[in-house]
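Novice: This structure is in structure tokens; I'll ask about it shortly.
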Amino acid sequence: MTAILSQAEHYDFIIIGAGTAGCVLAARLSHNPAHRVCLVEAGGSEQHPFISIPAAVGAAIMSERFGWGLSTTPQPALNNRVVPLPRGKVLGGSGSINGMAYYRGHRRDYDDWAAQGLGGWSYDDLLPYFLRSEDNPQYQGSLYHHSGGPMHVSFVPRTNRLCDAFNAAMGALGFPPCDDFNVPEPEGYGFRQGTIDRGRRVSTVSAYLRPVMHRQNLTVMTSTLVRRVLIEDGKAVAVELQTGDSVRVLRASREIVLSAGAFHSPHILLHSGIGDQTELSAAGIEPVHHLPGVGRNLTDHPATYVAMDAADSTSYGLSWKAALRNVWNGLEYLVARQGPLASNLFETNAYIKSRDGLDRPDMQVVFQPARRNTKPFPLPLGHGFAISLVCLYPESRGSVKVSSRDPLSLPLIDPALGSVQQDIDTLVRGLKLARRILGNHSFAQYHAHERLPGSAVNSDAELEQYVRNTMATVHHPGSTCRMGNDALAVVDNELKVHGLRGLRVVDASIYPKLVGANTNASVVAIAEKAADMLLSGQ
């Protein structure tokens, strides 16, 4: 190995994965021209209309061009269904195909991390990094927002009056309005903020990476797969890559940072011989460093939904009734980047407590002013609307494992969805709430009827079965390289891999416990904090 490494290309920092965290790190670390930084990405360019046009988010998620094509193993608690797991394989990673929602989560999510003995990770510790990353002109004078950062955040364009009906129904049911979901303790209903600027998606590749790609000390490699990290005398010293049929090695003089996401960061560690030594040996991989927590503790937000169909054409959707309006909306976007195409179509939502005695909201209620398709299609067909119910603090825990000794094979992903009854019960409560919301007089003028679950599904047992038949995730995986101090933790509070030098993990896999929020905003803050650590030599 020494002979191979002596001939390798040399960098100070090598970042694996040009996703949400990787783009932030590349921009911050390369600011000093003395630092030679290499950013490695398995996918290609993000410059495509499916990614840049907010309303095309469905097409971006479904496109094979921008994704890994991942899915779960058969899920026993979900009648052995296999659930798709879209993850971005493109510059910007999953931030290039996500729903563009900006929500940091509740103060207690981060204070819980600090309470586990993880110094530096409380809400007050992370708030400066949320602020540093943000360019939000809509809350002037707020202690919780900032203008001038790289990432533009603003209210999602409000274009559909069905959203007003949702808000009115929530108010009629006694829930409080919430004017800002990014204060320390948000609760209630209201319009969402998102990473959209002048009708185009904002991600860390557009906000952080693209503006600095001209730097001579920054190398960005695309369409390049990482085979493994090479360890020498207890230190991560190099990365083995593959482009097409060509294998090469890059050496890092300072640090290697894994930012490949909650599925691929543990997968790369495992193929590098870092993980449970018994499981590695059984898979035909030579153990290098025993770290049994790698790939364990996988958590994601499970969800189900209520879908309504309507003859009324107020909702977004493709139909003859709405043909002229849709043509006008297309022209509106082409000329001024305004209208429905400038929206992510999820303009309002709520965070509520589904039962008494909770110290923070445990459920997200997401309103979709468009018909939910029965079969996969990137745009809504016909008219209607839907409510998705998201369990924010699931108890189910799964795993990421290797499927073979081939480092280019896809990971074996078992999130164990629905394996804890509490998660099912939360979503059953959510279905009952959604029916109350949609049954409110605010929706009466739209003359809609419930398609799913349908009027025949009423008892708790029937609703539970519906949850097991429809549960999916909302694509917020985390905690597979968990930060902590116990035997199953993978990184410490400086994000260094336990027992090794020169190797950190910086992405959603490090969550000690999954935040009750869309994960993009917190991953940006984690990356900002990690950049300070790396630059200070901490």
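Here's how to read the names in the structure tokens: chain A, B, ... by the order shown, residue numbers from 1 in each chain, ligand numbers from 1 in the order shown.
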Would you mind listing what lies within 10 Å of range 23-34 of chain A as a PyMOL selection string, with only C-alpha atoms counted and same-chain residues fewer than 3 positions away left out?
Specialist: chain A and resi 12-15+17-20+37-39+91-93+133+150+203-213+215-220+257+259+506+523-532+534-535
Novice: Report as a tab-separated table: every residue of range 404-515 of chain A with an atom at most 9 Å from range 101-117 of chain A, its closest pair of atoms, and their distance in Å to one decimal, counting only C-alpha atoms, with rows sorted by chain and ascending residue number.
Specialist:
residue	atom	partner	partner_atom	distance
A:Met483	CA	A:Trp113	CA	8.9
A:Gly484	CA	A:Gln116	CA	7.5
A:Asn485	CA	A:Gly117	CA	7.7
A:Asn493	CA	A:Gly117	CA	8.7
A:Tyr511	CA	A:Trp113	CA	8.4
A:Pro512	CA	A:Trp113	CA	6.3
A:Lys513	CA	A:Trp113	CA	7.4
A:Leu514	CA	A:Asp109	CA	8.1
A:Val515	CA	A:Asp109	CA	5.7
Novice: Please produce a file of those selected residues containing C-alpha atoms, as an mmCIF file, in the first residue's frame.
Specialist:
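Dumped everything to out_3.cif:
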data_model
loop_
_atom_site.group_PDB
_atom_site.id
_atom_site.type_symbol
_atom_site.label_atom_id
_atom_site.label_comp_id
_atom_site.auth_asym_id
_atom_site.auth_seq_id
_atom_site.Cartn_x
_atom_site.Cartn_y
_atom_site.Cartn_z
ATOM 1 C CA MET A 483 -22.493 11.006 17.578
ATOM 2 C CA GLY A 484 -22.031 9.958 21.175
ATOM 3 C CA ASN A 485 -19.818 8.506 23.891
ATOM 4 C CA ASN A 493 -18.638 15.576 19.592
ATOM 5 C CA TYR A 511 -27.564 12.820 14.540
ATOM 6 C CA PRO A 512 -27.527 11.436 18.104
ATOM 7 C CA LYS A 513 -31.299 11.332 17.679
ATOM 8 C CA LEU A 514 -33.265 12.362 14.607
ATOM 9 C CA VAL A 515 -34.559 15.929 14.762
#
Novice: Which residues are near Gly295 in chain A? Cut-off 7 Å, only C-alpha atoms, ignore same chain within fewer than 4 positions. Put them as a PDB file with C-alpha atoms, in the first residue's frame.
Specialist:
ATOM      1  CA  PRO A 266     -21.817   3.987   6.850  1.00  0.00           C
ATOM      2  CA  SER A 399     -29.786  -0.613   9.907  1.00  0.00           C
ATOM      3  CA  VAL A 400     -27.563  -0.151   6.867  1.00  0.00           C
ATOM      4  CA  LYS A 401     -25.406  -3.136   5.919  1.00  0.00           C
ATOM      5  CA  THR A 480     -26.372   5.649  11.184  1.00  0.00           C
ATOM      6  CA  CYS A 481     -22.987   7.070  12.282  1.00  0.00           C
TER       7      CYS A 481
END
Novice: Please identify the strand (DSSP E or B) residues within range 13-158 of chain A (assignment by DSSP from backbone atoms) and present them as a ChimeraX atom specification.
Specialist: /A:13-16,37-40,44,67,71,75,81,84,88,90,101,134-135,151-152,154-155
Novice: Just the residues within 8 Å of Gly199 in chain A, please, counting only C-alpha atoms, with nothing from its chain fewer than 2 positions along; format it as a list in words.
Specialist: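 Those residues are Ile53, Pro54, Ile196, Asp197, Arg201, Tyr333, Arg337, Gln338, Leu341, Ala342 and Ser343 of chain A.
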Novice: Can you pull out every residue from range 48-157 of chain A that DSSP, working from the backbone, puts in alpha helix (DSSP H), and format the result as a ChimeraX atom specification?
Specialist: /A:49-52,57-62,107-115,123-133
Novice: Let me see the file: selected residues, C-alpha atoms, as a short mmCIF file (atom, residue, chain, number, x, y, z; two decimals), in the first residue's frame.
Specialist:
data_model
loop_
_atom_site.label_atom_id
_atom_site.label_comp_id
_atom_site.auth_asym_id
_atom_site.auth_seq_id
_atom_site.Cartn_x
_atom_site.Cartn_y
_atom_site.Cartn_z
CA PRO A 49 -34.92 22.08 -15.35
CA PHE A 50 -36.27 19.23 -13.20
CA ILE A 51 -33.95 20.40 -10.43
CA SER A 52 -34.07 24.17 -10.87
CA VAL A 57 -39.68 18.40 -7.61
CA GLY A 58 -41.69 15.24 -8.35
CA ALA A 59 -39.83 14.75 -11.63
CA ALA A 60 -36.49 15.32 -9.90
CA ILE A 61 -37.22 12.75 -7.20
CA MET A 62 -38.45 10.15 -9.70
CA ARG A 107 -34.97 23.81 20.58
CA ARG A 108 -35.29 20.67 22.70
CA ASP A 109 -34.12 18.45 19.83
CA TYR A 110 -30.64 19.97 20.09
CA ASP A 111 -30.66 20.52 23.84
CA ASP A 112 -31.29 16.78 24.13
CA TRP A 113 -28.04 16.19 22.24
CA ALA A 114 -26.11 18.37 24.68
CA ALA A 115 -27.80 16.63 27.61
CA TYR A 123 -29.66 24.88 20.35
CA ASP A 124 -27.80 27.98 21.50
CA ASP A 125 -24.55 26.48 20.21
CA LEU A 126 -26.02 25.78 16.76
CA LEU A 127 -28.07 28.95 16.32
CA PRO A 128 -25.06 31.03 15.13
CA TYR A 129 -24.51 28.49 12.35
CA PHE A 130 -28.15 28.56 11.29
CA LEU A 131 -27.84 32.34 11.12
CA ARG A 132 -24.50 32.35 9.31
CA SER A 133 -25.86 30.18 6.52
#
Novice: Between A:Thr348, A:Ser354, A:Ser319, A:Ser459, which residue has the minimum interatomic distance to Gln422 in chain A, considering only C-alpha atoms?
Specialist: A:Ser354
Novice: At what distance in Å, to one decimal, does CA of Ala370 in chain A lie from CA of Gly171 in chain A?
Specialist: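 We find that CA of Gly171 in chain A and CA of Ala370 in chain A lie 21.3 Å from each other.
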